[in-house]
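Undergrad: One file: final.pdb (PDB, C-alpha atoms).
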```pdb
ATOM      1  CA  MET A  46     109.280  94.162  -4.598  1.00  0.00           C
ATOM      2  CA  ASN A  47     112.910  93.282  -5.012  1.00  0.00           C
ATOM      3  CA  ILE A  48     115.509  95.953  -4.198  1.00  0.00           C
ATOM      4  CA  ILE A  49     119.276  95.572  -4.302  1.00  0.00           C
ATOM      5  CA  SER A  50     121.637  97.903  -2.442  1.00  0.00           C
ATOM      6  CA  TYR A  51     125.303  97.872  -3.414  1.00  0.00           C
ATOM      7  CA  ASN A  52     128.284  99.946  -2.298  1.00  0.00           C
ATOM      8  CA  VAL A  53     130.043  99.717  -5.633  1.00  0.00           C
ATOM      9  CA  ARG A  54     133.242 101.515  -4.459  1.00  0.00           C
ATOM     10  CA  GLY A  55     133.619 103.170  -7.826  1.00  0.00           C
ATOM     11  CA  LEU A  56     131.281 102.404 -10.695  1.00  0.00           C
ATOM     12  CA  GLY A  57     134.028 102.264 -13.314  1.00  0.00           C
ATOM     13  CA  ARG A  58     132.837 100.217 -16.287  1.00  0.00           C
ATOM     14  CA  GLY A  59     133.546  96.918 -18.067  1.00  0.00           C
ATOM     15  CA  VAL A  60     133.447  93.921 -15.709  1.00  0.00           C
ATOM     16  CA  LYS A  61     131.636  95.796 -12.941  1.00  0.00           C
ATOM     17  CA  TRP A  62     128.891  97.015 -15.298  1.00  0.00           C
ATOM     18  CA  ALA A  63     128.392  93.500 -16.643  1.00  0.00           C
ATOM     19  CA  SER A  64     128.165  92.116 -13.096  1.00  0.00           C
ATOM     20  CA  ILE A  65     125.460  94.631 -12.203  1.00  0.00           C
ATOM     21  CA  ARG A  66     123.545  93.895 -15.399  1.00  0.00           C
ATOM     22  CA  ARG A  67     123.630  90.138 -14.706  1.00  0.00           C
ATOM     23  CA  MET A  68     122.434  90.652 -11.139  1.00  0.00           C
ATOM     24  CA  ILE A  69     119.509  92.801 -12.293  1.00  0.00           C
ATOM     25  CA  LYS A  70     118.477  90.139 -14.769  1.00  0.00           C
ATOM     26  CA  THR A  71     118.944  87.009 -12.651  1.00  0.00           C
ATOM     27  CA  GLU A  72     117.383  88.477  -9.494  1.00  0.00           C
ATOM     28  CA  ASN A  73     114.440  90.073 -11.330  1.00  0.00           C
ATOM     29  CA  VAL A  74     115.228  93.427  -9.725  1.00  0.00           C
ATOM     30  CA  ASP A  75     112.672  96.239  -9.443  1.00  0.00           C
ATOM     31  CA  MET A  76     115.113  98.845  -8.095  1.00  0.00           C
ATOM     32  CA  PHE A  77     118.897  98.951  -7.850  1.00  0.00           C
ATOM     33  CA  CYS A  78     120.542 101.450  -5.474  1.00  0.00           C
ATOM     34  CA  LEU A  79     124.274 102.053  -5.718  1.00  0.00           C
ATOM     35  CA  GLN A  80     126.418 103.967  -3.255  1.00  0.00           C
ATOM     36  CA  GLU A  81     129.923 105.403  -3.753  1.00  0.00           C
ATOM     37  CA  THR A  82     129.691 105.606  -7.540  1.00  0.00           C
ATOM     38  CA  LYS A  83     132.600 108.077  -7.672  1.00  0.00           C
ATOM     39  CA  LYS A  84     130.923 109.523 -10.772  1.00  0.00           C
ATOM     40  CA  GLU A  85     130.278 113.238 -11.198  1.00  0.00           C
ATOM     41  CA  LEU A  86     128.306 112.649 -14.420  1.00  0.00           C
ATOM     42  CA  ILE A  87     125.912 109.805 -15.221  1.00  0.00           C
ATOM     43  CA  ASP A  88     123.898 109.777 -18.442  1.00  0.00           C
ATOM     44  CA  LYS A  89     121.095 107.813 -20.086  1.00  0.00           C
ATOM     45  CA  THR A  90     123.452 105.590 -22.058  1.00  0.00           C
ATOM     46  CA  MET A  91     125.248 104.498 -18.893  1.00  0.00           C
ATOM     47  CA  CYS A  92     121.979 103.763 -17.060  1.00  0.00           C
ATOM     48  CA  GLN A  93     120.583 101.756 -19.979  1.00  0.00           C
ATOM     49  CA  SER A  94     123.790  99.764 -20.160  1.00  0.00           C
ATOM     50  CA  LEU A  95     123.724  99.021 -16.427  1.00  0.00           C
ATOM     51  CA  TRP A  96     120.028  98.098 -16.448  1.00  0.00           C
ATOM     52  CA  GLY A  97     120.189  96.130 -19.680  1.00  0.00           C
ATOM     53  CA  ASP A  98     116.948  97.692 -20.915  1.00  0.00           C
ATOM     54  CA  GLY A  99     116.001 100.998 -22.493  1.00  0.00           C
ATOM     55  CA  GLU A 100     112.958 101.347 -20.228  1.00  0.00           C
ATOM     56  CA  VAL A 101     114.862 102.458 -17.143  1.00  0.00           C
ATOM     57  CA  CYS A 102     114.420 105.484 -14.881  1.00  0.00           C
ATOM     58  CA  TRP A 103     117.125 106.881 -12.646  1.00  0.00           C
ATOM     59  CA  GLU A 104     118.087 109.578 -10.178  1.00  0.00           C
ATOM     60  CA  MET A 105     121.591 110.360  -9.025  1.00  0.00           C
ATOM     61  CA  GLN A 106     123.563 112.401  -6.549  1.00  0.00           C
ATOM     62  CA  PRO A 107     126.886 113.281  -8.170  1.00  0.00           C
ATOM     63  CA  ALA A 108     130.185 112.497  -6.531  1.00  0.00           C
ATOM     64  CA  THR A 109     132.295 115.405  -5.331  1.00  0.00           C
ATOM     65  CA  ASN A 110     135.785 115.259  -6.805  1.00  0.00           C
ATOM     66  CA  THR A 111     135.201 111.536  -7.491  1.00  0.00           C
ATOM     67  CA  ALA A 112     134.237 110.893  -3.847  1.00  0.00           C
ATOM     68  CA  GLY A 113     130.819 109.550  -2.852  1.00  0.00           C
ATOM     69  CA  GLY A 114     127.886 109.560  -5.249  1.00  0.00           C
ATOM     70  CA  ILE A 115     124.558 107.685  -5.323  1.00  0.00           C
ATOM     71  CA  LEU A 116     122.624 106.197  -8.242  1.00  0.00           C
ATOM     72  CA  CYS A 117     119.119 104.690  -8.137  1.00  0.00           C
ATOM     73  CA  LEU A 118     117.810 102.716 -11.118  1.00  0.00           C
ATOM     74  CA  TRP A 119     114.332 101.249 -11.486  1.00  0.00           C
ATOM     75  CA  SER A 120     111.859  99.897 -13.984  1.00  0.00           C
ATOM     76  CA  GLU A 121     109.213 102.379 -15.105  1.00  0.00           C
ATOM     77  CA  ARG A 122     106.836  99.411 -15.267  1.00  0.00           C
ATOM     78  CA  THR A 123     106.997  98.825 -11.508  1.00  0.00           C
ATOM     79  CA  PHE A 124     107.555 102.217  -9.830  1.00  0.00           C
ATOM     80  CA  LYS A 125     106.122 105.592 -10.814  1.00  0.00           C
ATOM     81  CA  LEU A 126     108.111 108.489  -9.385  1.00  0.00           C
ATOM     82  CA  GLN A 127     106.001 111.362  -8.051  1.00  0.00           C
ATOM     83  CA  ASN A 128     108.489 113.331  -5.958  1.00  0.00           C
ATOM     84  CA  LYS A 129     112.199 113.324  -5.187  1.00  0.00           C
ATOM     85  CA  ILE A 130     114.496 115.052  -2.725  1.00  0.00           C
ATOM     86  CA  ILE A 131     118.252 114.802  -3.168  1.00  0.00           C
ATOM     87  CA  GLY A 132     120.538 115.935  -0.387  1.00  0.00           C
ATOM     88  CA  HIS A 133     124.068 115.383   0.847  1.00  0.00           C
ATOM     89  CA  GLY A 134     124.330 111.642   1.363  1.00  0.00           C
ATOM     90  CA  PHE A 135     120.803 110.601   0.395  1.00  0.00           C
ATOM     91  CA  ILE A 136     118.150 110.333  -2.302  1.00  0.00           C
ATOM     92  CA  LEU A 137     114.453 110.170  -1.387  1.00  0.00           C
ATOM     93  CA  LEU A 138     112.116 108.716  -4.016  1.00  0.00           C
ATOM     94  CA  SER A 139     108.383 109.010  -3.347  1.00  0.00           C
ATOM     95  CA  GLY A 140     105.921 107.410  -5.714  1.00  0.00           C
ATOM     96  CA  GLU A 141     103.576 104.560  -6.504  1.00  0.00           C
ATOM     97  CA  TRP A 142     104.361 100.875  -6.431  1.00  0.00           C
ATOM     98  CA  ILE A 143     102.343 100.201  -9.555  1.00  0.00           C
ATOM     99  CA  LYS A 144     101.492  96.528  -9.047  1.00  0.00           C
ATOM    100  CA  GLU A 145      99.473  97.293  -5.924  1.00  0.00           C
ATOM    101  CA  ALA A 146      98.786 101.015  -6.473  1.00  0.00           C
ATOM    102  CA  LEU A 147     100.485 101.810  -3.150  1.00  0.00           C
ATOM    103  CA  PRO A 148     102.302 105.054  -2.268  1.00  0.00           C
ATOM    104  CA  ILE A 149     105.793 104.294  -0.953  1.00  0.00           C
ATOM    105  CA  ASN A 150     108.899 106.211   0.108  1.00  0.00           C
ATOM    106  CA  ILE A 151     112.380 104.833  -0.534  1.00  0.00           C
ATOM    107  CA  VAL A 152     115.493 106.534   0.830  1.00  0.00           C
ATOM    108  CA  THR A 153     118.969 105.503  -0.313  1.00  0.00           C
ATOM    109  CA  ILE A 154     121.778 106.519   2.032  1.00  0.00           C
ATOM    110  CA  TYR A 155     125.530 106.775   1.718  1.00  0.00           C
ATOM    111  CA  SER A 156     126.610 108.026   5.113  1.00  0.00           C
ATOM    112  CA  PRO A 157     129.778 109.953   5.920  1.00  0.00           C
ATOM    113  CA  CYS A 158     132.254 108.257   8.264  1.00  0.00           C
ATOM    114  CA  ASP A 159     132.681 111.061  10.807  1.00  0.00           C
ATOM    115  CA  ILE A 160     130.117 111.404  13.573  1.00  0.00           C
ATOM    116  CA  GLN A 161     129.342 115.104  13.078  1.00  0.00           C
ATOM    117  CA  ASN A 162     128.316 114.649   9.450  1.00  0.00           C
ATOM    118  CA  LYS A 163     126.463 111.468  10.352  1.00  0.00           C
ATOM    119  CA  ARG A 164     124.410 113.440  12.853  1.00  0.00           C
ATOM    120  CA  ALA A 165     123.587 116.038  10.213  1.00  0.00           C
ATOM    121  CA  LEU A 166     122.450 113.303   7.811  1.00  0.00           C
ATOM    122  CA  TRP A 167     120.402 111.555  10.506  1.00  0.00           C
ATOM    123  CA  GLU A 168     118.630 114.812  11.309  1.00  0.00           C
ATOM    124  CA  GLN A 169     117.806 115.460   7.643  1.00  0.00           C
ATOM    125  CA  ILE A 170     116.301 111.994   7.260  1.00  0.00           C
ATOM    126  CA  LYS A 171     114.313 112.405  10.470  1.00  0.00           C
ATOM    127  CA  GLN A 172     112.842 115.673   9.208  1.00  0.00           C
ATOM    128  CA  LEU A 173     111.964 114.070   5.859  1.00  0.00           C
ATOM    129  CA  LYS A 174     110.159 111.258   7.660  1.00  0.00           C
ATOM    130  CA  ILE A 175     108.167 113.817   9.650  1.00  0.00           C
ATOM    131  CA  THR A 176     107.260 116.130   6.770  1.00  0.00           C
ATOM    132  CA  GLN A 177     106.715 113.783   3.819  1.00  0.00           C
ATOM    133  CA  ASN A 178     103.385 112.137   3.101  1.00  0.00           C
ATOM    134  CA  GLY A 179     102.896 108.405   3.441  1.00  0.00           C
ATOM    135  CA  ASP A 180     103.666 105.821   6.074  1.00  0.00           C
ATOM    136  CA  ILE A 181     105.225 103.048   3.957  1.00  0.00           C
ATOM    137  CA  TRP A 182     108.990 103.631   4.168  1.00  0.00           C
ATOM    138  CA  CYS A 183     112.174 101.785   3.274  1.00  0.00           C
ATOM    139  CA  ILE A 184     115.486 103.394   4.272  1.00  0.00           C
ATOM    140  CA  LEU A 185     118.463 101.501   2.861  1.00  0.00           C
ATOM    141  CA  GLY A 186     122.102 101.727   1.985  1.00  0.00           C
ATOM    142  CA  ASP A 187     125.531 102.111   3.539  1.00  0.00           C
ATOM    143  CA  PHE A 188     125.076 103.692   6.975  1.00  0.00           C
ATOM    144  CA  ASN A 189     128.776 103.477   7.884  1.00  0.00           C
ATOM    145  CA  ASN A 190     127.742 102.544  11.420  1.00  0.00           C
ATOM    146  CA  ILE A 191     127.264  99.382  13.391  1.00  0.00           C
ATOM    147  CA  ARG A 192     124.367  98.743  15.808  1.00  0.00           C
ATOM    148  CA  ASP A 193     126.205  96.345  18.122  1.00  0.00           C
ATOM    149  CA  PRO A 194     129.888  95.556  18.828  1.00  0.00           C
ATOM    150  CA  ALA A 195     129.240  92.067  17.449  1.00  0.00           C
ATOM    151  CA  GLU A 196     128.742  93.659  14.023  1.00  0.00           C
ATOM    152  CA  ARG A 197     132.457  94.371  13.809  1.00  0.00           C
ATOM    153  CA  PHE A 198     135.382  91.960  13.685  1.00  0.00           C
ATOM    154  CA  GLY A 199     139.109  92.649  13.636  1.00  0.00           C
ATOM    155  CA  THR A 200     141.094  95.873  13.461  1.00  0.00           C
ATOM    156  CA  CYS A 201     139.290  98.732  11.757  1.00  0.00           C
ATOM    157  CA  GLN A 202     139.915 102.457  11.467  1.00  0.00           C
ATOM    158  CA  ARG A 203     136.196 103.251  11.217  1.00  0.00           C
ATOM    159  CA  GLU A 204     134.545 104.744  14.274  1.00  0.00           C
ATOM    160  CA  SER A 205     133.168 102.060  16.562  1.00  0.00           C
ATOM    161  CA  GLY A 206     132.597 103.851  19.894  1.00  0.00           C
ATOM    162  CA  PHE A 207     129.641 102.966  22.059  1.00  0.00           C
ATOM    163  CA  ASN A 208     128.314 106.538  21.786  1.00  0.00           C
ATOM    164  CA  SER A 209     128.052 106.206  18.015  1.00  0.00           C
ATOM    165  CA  ILE A 210     126.270 102.858  18.386  1.00  0.00           C
ATOM    166  CA  LYS A 211     123.801 104.295  20.893  1.00  0.00           C
ATOM    167  CA  GLU A 212     123.102 107.397  18.801  1.00  0.00           C
ATOM    168  CA  PHE A 213     122.515 105.270  15.723  1.00  0.00           C
ATOM    169  CA  ASN A 214     120.084 102.986  17.541  1.00  0.00           C
ATOM    170  CA  ASP A 215     118.320 105.959  19.120  1.00  0.00           C
ATOM    171  CA  TRP A 216     117.895 107.507  15.662  1.00  0.00           C
ATOM    172  CA  ILE A 217     116.398 104.289  14.303  1.00  0.00           C
ATOM    173  CA  ASP A 218     113.944 104.230  17.225  1.00  0.00           C
ATOM    174  CA  GLU A 219     113.000 107.875  16.651  1.00  0.00           C
ATOM    175  CA  LEU A 220     112.280 107.127  12.995  1.00  0.00           C
ATOM    176  CA  GLU A 221     109.922 104.334  14.103  1.00  0.00           C
ATOM    177  CA  VAL A 222     111.540 101.880  11.702  1.00  0.00           C
ATOM    178  CA  VAL A 223     112.908  98.397  12.286  1.00  0.00           C
ATOM    179  CA  GLU A 224     115.584  96.375  10.577  1.00  0.00           C
ATOM    180  CA  ALA A 225     114.286  93.615   8.332  1.00  0.00           C
ATOM    181  CA  PRO A 226     115.314  90.059   9.290  1.00  0.00           C
ATOM    182  CA  TRP A 227     118.801  89.217   8.042  1.00  0.00           C
ATOM    183  CA  VAL A 228     119.759  86.138   6.027  1.00  0.00           C
ATOM    184  CA  GLY A 229     123.231  85.252   4.773  1.00  0.00           C
ATOM    185  CA  ARG A 230     126.724  86.443   5.647  1.00  0.00           C
ATOM    186  CA  ARG A 231     127.168  88.352   8.899  1.00  0.00           C
ATOM    187  CA  PHE A 232     129.212  91.245   7.480  1.00  0.00           C
ATOM    188  CA  THR A 233     128.803  93.528   4.469  1.00  0.00           C
ATOM    189  CA  TRP A 234     132.190  95.308   4.470  1.00  0.00           C
ATOM    190  CA  PHE A 235     135.542  93.531   4.293  1.00  0.00           C
ATOM    191  CA  ARG A 236     139.179  94.479   4.015  1.00  0.00           C
ATOM    192  CA  PRO A 237     140.745  92.606   1.079  1.00  0.00           C
ATOM    193  CA  ASN A 238     142.939  90.580   3.470  1.00  0.00           C
ATOM    194  CA  GLY A 239     139.972  89.731   5.706  1.00  0.00           C
ATOM    195  CA  ALA A 240     141.568  91.352   8.777  1.00  0.00           C
ATOM    196  CA  SER A 241     138.531  93.594   9.347  1.00  0.00           C
ATOM    197  CA  GLN A 242     134.847  92.984   8.717  1.00  0.00           C
ATOM    198  CA  SER A 243     131.757  95.034   9.589  1.00  0.00           C
ATOM    199  CA  LYS A 244     128.023  95.142   9.010  1.00  0.00           C
ATOM    200  CA  LEU A 245     127.518  98.676   7.659  1.00  0.00           C
ATOM    201  CA  ASP A 246     124.738  98.123   5.107  1.00  0.00           C
ATOM    202  CA  ARG A 247     121.113  97.465   6.015  1.00  0.00           C
ATOM    203  CA  PHE A 248     117.422  97.947   5.247  1.00  0.00           C
ATOM    204  CA  LEU A 249     115.162  99.755   7.721  1.00  0.00           C
ATOM    205  CA  MET A 250     111.396  99.494   7.231  1.00  0.00           C
ATOM    206  CA  SER A 251     108.386 101.266   8.694  1.00  0.00           C
ATOM    207  CA  LEU A 252     105.856  99.077  10.474  1.00  0.00           C
ATOM    208  CA  LYS A 253     103.342  99.828   7.720  1.00  0.00           C
ATOM    209  CA  TRP A 254     105.795  98.427   5.162  1.00  0.00           C
ATOM    210  CA  LEU A 255     106.119  95.225   7.189  1.00  0.00           C
ATOM    211  CA  ASP A 256     102.354  95.067   7.697  1.00  0.00           C
ATOM    212  CA  ARG A 257     101.924  95.154   3.938  1.00  0.00           C
ATOM    213  CA  TRP A 258     104.842  92.817   3.159  1.00  0.00           C
ATOM    214  CA  PRO A 259     105.378  90.717   6.318  1.00  0.00           C
ATOM    215  CA  ALA A 260     107.779  88.298   4.580  1.00  0.00           C
ATOM    216  CA  THR A 261     110.332  91.069   3.962  1.00  0.00           C
ATOM    217  CA  THR A 262     113.926  89.908   4.454  1.00  0.00           C
ATOM    218  CA  GLN A 263     117.360  91.242   3.623  1.00  0.00           C
ATOM    219  CA  ILE A 264     119.772  88.773   2.066  1.00  0.00           C
ATOM    220  CA  THR A 265     123.519  89.199   1.659  1.00  0.00           C
ATOM    221  CA  LEU A 266     124.387  88.131  -1.857  1.00  0.00           C
ATOM    222  CA  PRO A 267     127.846  87.395  -3.340  1.00  0.00           C
ATOM    223  CA  SER A 268     130.171  90.240  -4.370  1.00  0.00           C
ATOM    224  CA  ASN A 269     128.953  92.495  -1.530  1.00  0.00           C
ATOM    225  CA  PHE A 270     125.410  92.823  -2.916  1.00  0.00           C
ATOM    226  CA  SER A 271     122.812  93.341  -0.186  1.00  0.00           C
ATOM    227  CA  ASP A 272     119.348  92.364  -1.319  1.00  0.00           C
ATOM    228  CA  HIS A 273     115.931  93.063   0.161  1.00  0.00           C
ATOM    229  CA  CYS A 274     112.788  91.404  -1.095  1.00  0.00           C
ATOM    230  CA  PRO A 275     109.316  91.157   0.435  1.00  0.00           C
TER     231      PRO A 275
END
```
Kindly return the structure encoded in the file as structure tokens.
TA:
Amino acid sequence: MNIISYNVRGLGRGVKWASIRRMIKTENVDMFCLQETKKELIDKTMCQSLWGDGEVCWEMQPATNTAGGILCLWSERTFKLQNKIIGHGFILLSGEWIKEALPINIVTIYSPCDIQNKRALWEQIKQLKITQNGDIWCILGDFNNIRDPAERFGTCQRESGFNSIKEFNDWIDELEVVEAPWVGRRFTWFRPNGASQSKLDRFLMSLKWLDRWPATTQITLPSNFSDHCP
């Protein structure tokens, strides 16, 4: 399975749409998860244009006053959706990975920056993990949090306190997920002038996911694409 996660920082159209379409084609993508679409409305025509194929399925969380927003696109030939839960800052897709007839759960996250709303999101995801069926999980996206001071370079206004780092790592441990091995550039978020850089995007997998696909890695691709592929 090949999944791409991308904080698009405003979906817009034109050049950005074409870039996404090329990436889906060249990387043979099964699912494409976008954060920060800044779109309150997304329709079939837009999704088909992004995917480059009429046989595309999608789920979205609308932006609020052009802030935030999540969009997940996938091929109906590879993933069969059976259940979904959409909440503030996340989309959970539960279904069957058709090629191997396996039930899987995929959660796309776009986390708030402030710690109180992060905690609320973390708790929601923890409850989903407890109550939903299945033990093959992938939790991905923009977590707006680092796991170690080394994941941040330069001056940055985003919260970087040790308490936030510890809480984030404790939450990951409580979920019983681990971060897939990382290949490529160290950081996933950059200021245009390069003065600040952080690793805010990642893929977290359940042990059952890694048992099934032990070669899983996450690869930082050009143009701030973050790619995961067993």
Undergrad: How far is it from CA of Leu185 (chain A) to CA of Ile217 (chain A), in Å with one decimal?
TA: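 Taking CA of Leu185 (chain A) as the start and CA of Ile217 (chain A) as the end point, the length is 12.0 Å.
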Undergrad: Calculated over all atoms listed in the file, which of the candidates A:Glu145, A:Met46, A:Met91, A:Asn52 has the smallest distance to Thr261 (chain A)?
TA: A:Met46
Undergrad: Neighbours of Val152 (chain A) within 7 Å (only C-alpha atoms; same-chain residues fewer than 6 positions away dropped), as a PDB file with C-alpha atoms, in the frame of the given file?
TA:
```pdb
ATOM      1  CA  PHE A 135     120.803 110.601   0.395  1.00  0.00           C
ATOM      2  CA  ILE A 136     118.150 110.333  -2.302  1.00  0.00           C
ATOM      3  CA  LEU A 137     114.453 110.170  -1.387  1.00  0.00           C
ATOM      4  CA  LEU A 138     112.116 108.716  -4.016  1.00  0.00           C
ATOM      5  CA  CYS A 183     112.174 101.785   3.274  1.00  0.00           C
ATOM      6  CA  ILE A 184     115.486 103.394   4.272  1.00  0.00           C
ATOM      7  CA  LEU A 185     118.463 101.501   2.861  1.00  0.00           C
TER       8      LEU A 185
END
```
Undergrad: Just how far from CA of Asp75 (chain A) is CA of Tyr155 (chain A), in Å to one decimal?
TA: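 CA of Asp75 (chain A) lies 20.0 Å from CA of Tyr155 (chain A).
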Undergrad: May I ask for the distance between CA of Met76 (chain A) and CA of Asn189 (chain A), given in Å to one decimal place?
TA: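 Separation between CA of Met76 (chain A) and CA of Asn189 (chain A): 21.5 Å.
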Undergrad: Using only C-alpha atoms, which of the listed residues (A:Met68, A:Leu118, A:Trp258, A:Lys129) sits closest to Lys89 (chain A)?
TA: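 Distance minimum relative to Lys89 (chain A) lands on A:Leu118.
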Undergrad: When the PyMOL selection byres ((chain A and resi 153) around 12) is applied to the file above, which residues end up in the set, as a PyMOL selection string?
TA: chain A and resi 48-52+76-81+104-106+114-118+129-139+150-152+154-156+166+170+182-188+246-249
Undergrad: With only C-alpha atoms as the basis for distance, which of A:Thr176, A:Arg54, A:Gly59, A:Asn47 is at the shortest distance from Val74 (chain A)?
TA: A:Asn47
Undergrad: Have a look at A:Gln127, A:Thr90, A:Asn162, A:Ser243 and name the one nearest to Ile143 (chain A); count only C-alpha atoms.
TA: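 Closest to Ile143 (chain A), using only C-alpha atoms: A:Gln127.
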Undergrad: Write out as a list of chain:residue names the residues lying within 10 Å of Glu212 (chain A), counting only C-alpha atoms and excluding same-chain residues fewer than 5 positions away.
TA: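 Here the qualifying residues turn out to be A:Ile160, A:Lys163, A:Arg164, A:Trp167, A:Asn190, A:Arg192, A:Phe207, A:Ile217, A:Asp218.
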Undergrad: Selection from above, C-alpha atoms, as a PDB file, keeping the file's coordinate frame, can you write it?
TA:
```
ATOM      1  CA  ILE A 160     130.117 111.404  13.573  1.00  0.00           C
ATOM      2  CA  LYS A 163     126.463 111.468  10.352  1.00  0.00           C
ATOM      3  CA  ARG A 164     124.410 113.440  12.853  1.00  0.00           C
ATOM      4  CA  TRP A 167     120.402 111.555  10.506  1.00  0.00           C
ATOM      5  CA  ASN A 190     127.742 102.544  11.420  1.00  0.00           C
ATOM      6  CA  ARG A 192     124.367  98.743  15.808  1.00  0.00           C
ATOM      7  CA  PHE A 207     129.641 102.966  22.059  1.00  0.00           C
ATOM      8  CA  ILE A 217     116.398 104.289  14.303  1.00  0.00           C
ATOM      9  CA  ASP A 218     113.944 104.230  17.225  1.00  0.00           C
TER      10      ASP A 218
END
```
Undergrad: For the file shown, report as a list in words the outcome of the PyMOL selection byres ((chain A and resi 244) around 7) at residue level.
TA: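 That expression, the PyMOL selection byres ((chain A and resi 244) around 7), corresponds here to Ile191, Glu196, Arg197, Arg231, Phe232, Thr233, Trp234, Ser243, Leu245 and Asp246 of chain A.
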Undergrad: Please determine, counting only C-alpha atoms, which residue among A:Ile149, A:Trp216, A:Lys211, A:Ala260 has the shortest atom-to-atom distance to Ala165 (chain A).
TA: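 Of A:Ile149, A:Trp216, A:Lys211, A:Ala260, the one nearest Ala165 (chain A) is A:Trp216, counting only C-alpha atoms.
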Undergrad: Return the single residue from A:Leu255, A:Ile210, A:Val228, A:Met250 that is closest to Pro194 (chain A), with distances computed using all atoms listed in the file.
TA: A:Ile210
Undergrad: Considering all atoms listed in the file, return as a PDB file with C-alpha atoms, in the frame of the given file whatever protein or nucleic-acid residues lie within 7 Å of Lys83 (chain A), sequence-local ones (same chain, fewer than 4 positions apart) excluded.
TA:
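Output saved as out_18.pdb:
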```pdb
ATOM      1  CA  GLY A  55     133.619 103.170  -7.826  1.00  0.00           C
ATOM      2  CA  LEU A  56     131.281 102.404 -10.695  1.00  0.00           C
ATOM      3  CA  ALA A 108     130.185 112.497  -6.531  1.00  0.00           C
ATOM      4  CA  THR A 111     135.201 111.536  -7.491  1.00  0.00           C
ATOM      5  CA  ALA A 112     134.237 110.893  -3.847  1.00  0.00           C
ATOM      6  CA  GLY A 113     130.819 109.550  -2.852  1.00  0.00           C
ATOM      7  CA  GLY A 114     127.886 109.560  -5.249  1.00  0.00           C
TER       8      GLY A 114
END
```
Undergrad: Would you kindly return, as a PDB file with C-alpha atoms, in the frame of the given file, each protein, DNA or RNA residue with an atom no farther than 12 Å from any atom of Glu219 (chain A), considering only C-alpha atoms and excluding same-chain residues fewer than 6 positions away?
TA:
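Output file part.pdb is given in full below:
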```pdb
ATOM      1  CA  TRP A 167     120.402 111.555  10.506  1.00  0.00           C
ATOM      2  CA  GLU A 168     118.630 114.812  11.309  1.00  0.00           C
ATOM      3  CA  ILE A 170     116.301 111.994   7.260  1.00  0.00           C
ATOM      4  CA  LYS A 171     114.313 112.405  10.470  1.00  0.00           C
ATOM      5  CA  GLN A 172     112.842 115.673   9.208  1.00  0.00           C
ATOM      6  CA  LYS A 174     110.159 111.258   7.660  1.00  0.00           C
ATOM      7  CA  ILE A 175     108.167 113.817   9.650  1.00  0.00           C
ATOM      8  CA  GLU A 212     123.102 107.397  18.801  1.00  0.00           C
ATOM      9  CA  PHE A 213     122.515 105.270  15.723  1.00  0.00           C
ATOM     10  CA  SER A 251     108.386 101.266   8.694  1.00  0.00           C
TER      11      SER A 251
END
```
Undergrad: Need to verify the contact set: Trp96 (chain A), 7 Å, all atoms listed in the file, exclusion of same-chain residues closer than 5 positions in sequence. Can you return it as a VMD selection string?
TA: chain A and resid 66 69 101
Undergrad: Could region 169-180 of chain A be completed with N, CA and C atoms and returned as a PDB file, in the coordinates of the input?
TA:
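Wrote result37.pdb, looks like this:
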```
ATOM      1  N   GLN A 169     118.516 115.212   8.904  1.00  0.00           N
ATOM      2  CA  GLN A 169     117.806 115.460   7.643  1.00  0.00           C
ATOM      3  C   GLN A 169     116.795 114.361   7.347  1.00  0.00           C
ATOM      4  N   ILE A 170     117.203 113.110   7.536  1.00  0.00           N
ATOM      5  CA  ILE A 170     116.301 111.994   7.260  1.00  0.00           C
ATOM      6  C   ILE A 170     115.131 112.009   8.242  1.00  0.00           C
ATOM      7  N   LYS A 171     115.395 112.341   9.477  1.00  0.00           N
ATOM      8  CA  LYS A 171     114.313 112.405  10.470  1.00  0.00           C
ATOM      9  C   LYS A 171     113.290 113.463  10.088  1.00  0.00           C
ATOM     10  N   GLN A 172     113.771 114.616   9.620  1.00  0.00           N
ATOM     11  CA  GLN A 172     112.842 115.673   9.208  1.00  0.00           C
ATOM     12  C   GLN A 172     112.049 115.262   7.967  1.00  0.00           C
ATOM     13  N   LEU A 173     112.693 114.568   7.032  1.00  0.00           N
ATOM     14  CA  LEU A 173     111.964 114.070   5.859  1.00  0.00           C
ATOM     15  C   LEU A 173     110.849 113.132   6.281  1.00  0.00           C
ATOM     16  N   LYS A 174     111.154 112.238   7.205  1.00  0.00           N
ATOM     17  CA  LYS A 174     110.159 111.258   7.660  1.00  0.00           C
ATOM     18  C   LYS A 174     108.975 111.954   8.315  1.00  0.00           C
ATOM     19  N   ILE A 175     109.234 113.073   8.980  1.00  0.00           N
ATOM     20  CA  ILE A 175     108.167 113.817   9.650  1.00  0.00           C
ATOM     21  C   ILE A 175     107.314 114.589   8.647  1.00  0.00           C
ATOM     22  N   THR A 176     107.966 115.174   7.643  1.00  0.00           N
ATOM     23  CA  THR A 176     107.260 116.130   6.770  1.00  0.00           C
ATOM     24  C   THR A 176     106.681 115.521   5.497  1.00  0.00           C
ATOM     25  N   GLN A 177     107.200 114.376   5.066  1.00  0.00           N
ATOM     26  CA  GLN A 177     106.715 113.783   3.819  1.00  0.00           C
ATOM     27  C   GLN A 177     105.444 112.981   4.043  1.00  0.00           C
ATOM     28  N   ASN A 178     104.607 112.923   3.025  1.00  0.00           N
ATOM     29  CA  ASN A 178     103.385 112.137   3.101  1.00  0.00           C
ATOM     30  C   ASN A 178     103.694 110.651   3.024  1.00  0.00           C
ATOM     31  N   GLY A 179     102.778 109.849   3.556  1.00  0.00           N
ATOM     32  CA  GLY A 179     102.896 108.405   3.441  1.00  0.00           C
ATOM     33  C   GLY A 179     103.529 107.771   4.648  1.00  0.00           C
ATOM     34  N   ASP A 180     103.128 106.530   4.918  1.00  0.00           N
ATOM     35  CA  ASP A 180     103.666 105.821   6.074  1.00  0.00           C
ATOM     36  C   ASP A 180     104.298 104.484   5.699  1.00  0.00           C
TER      37      ASP A 180
END
```
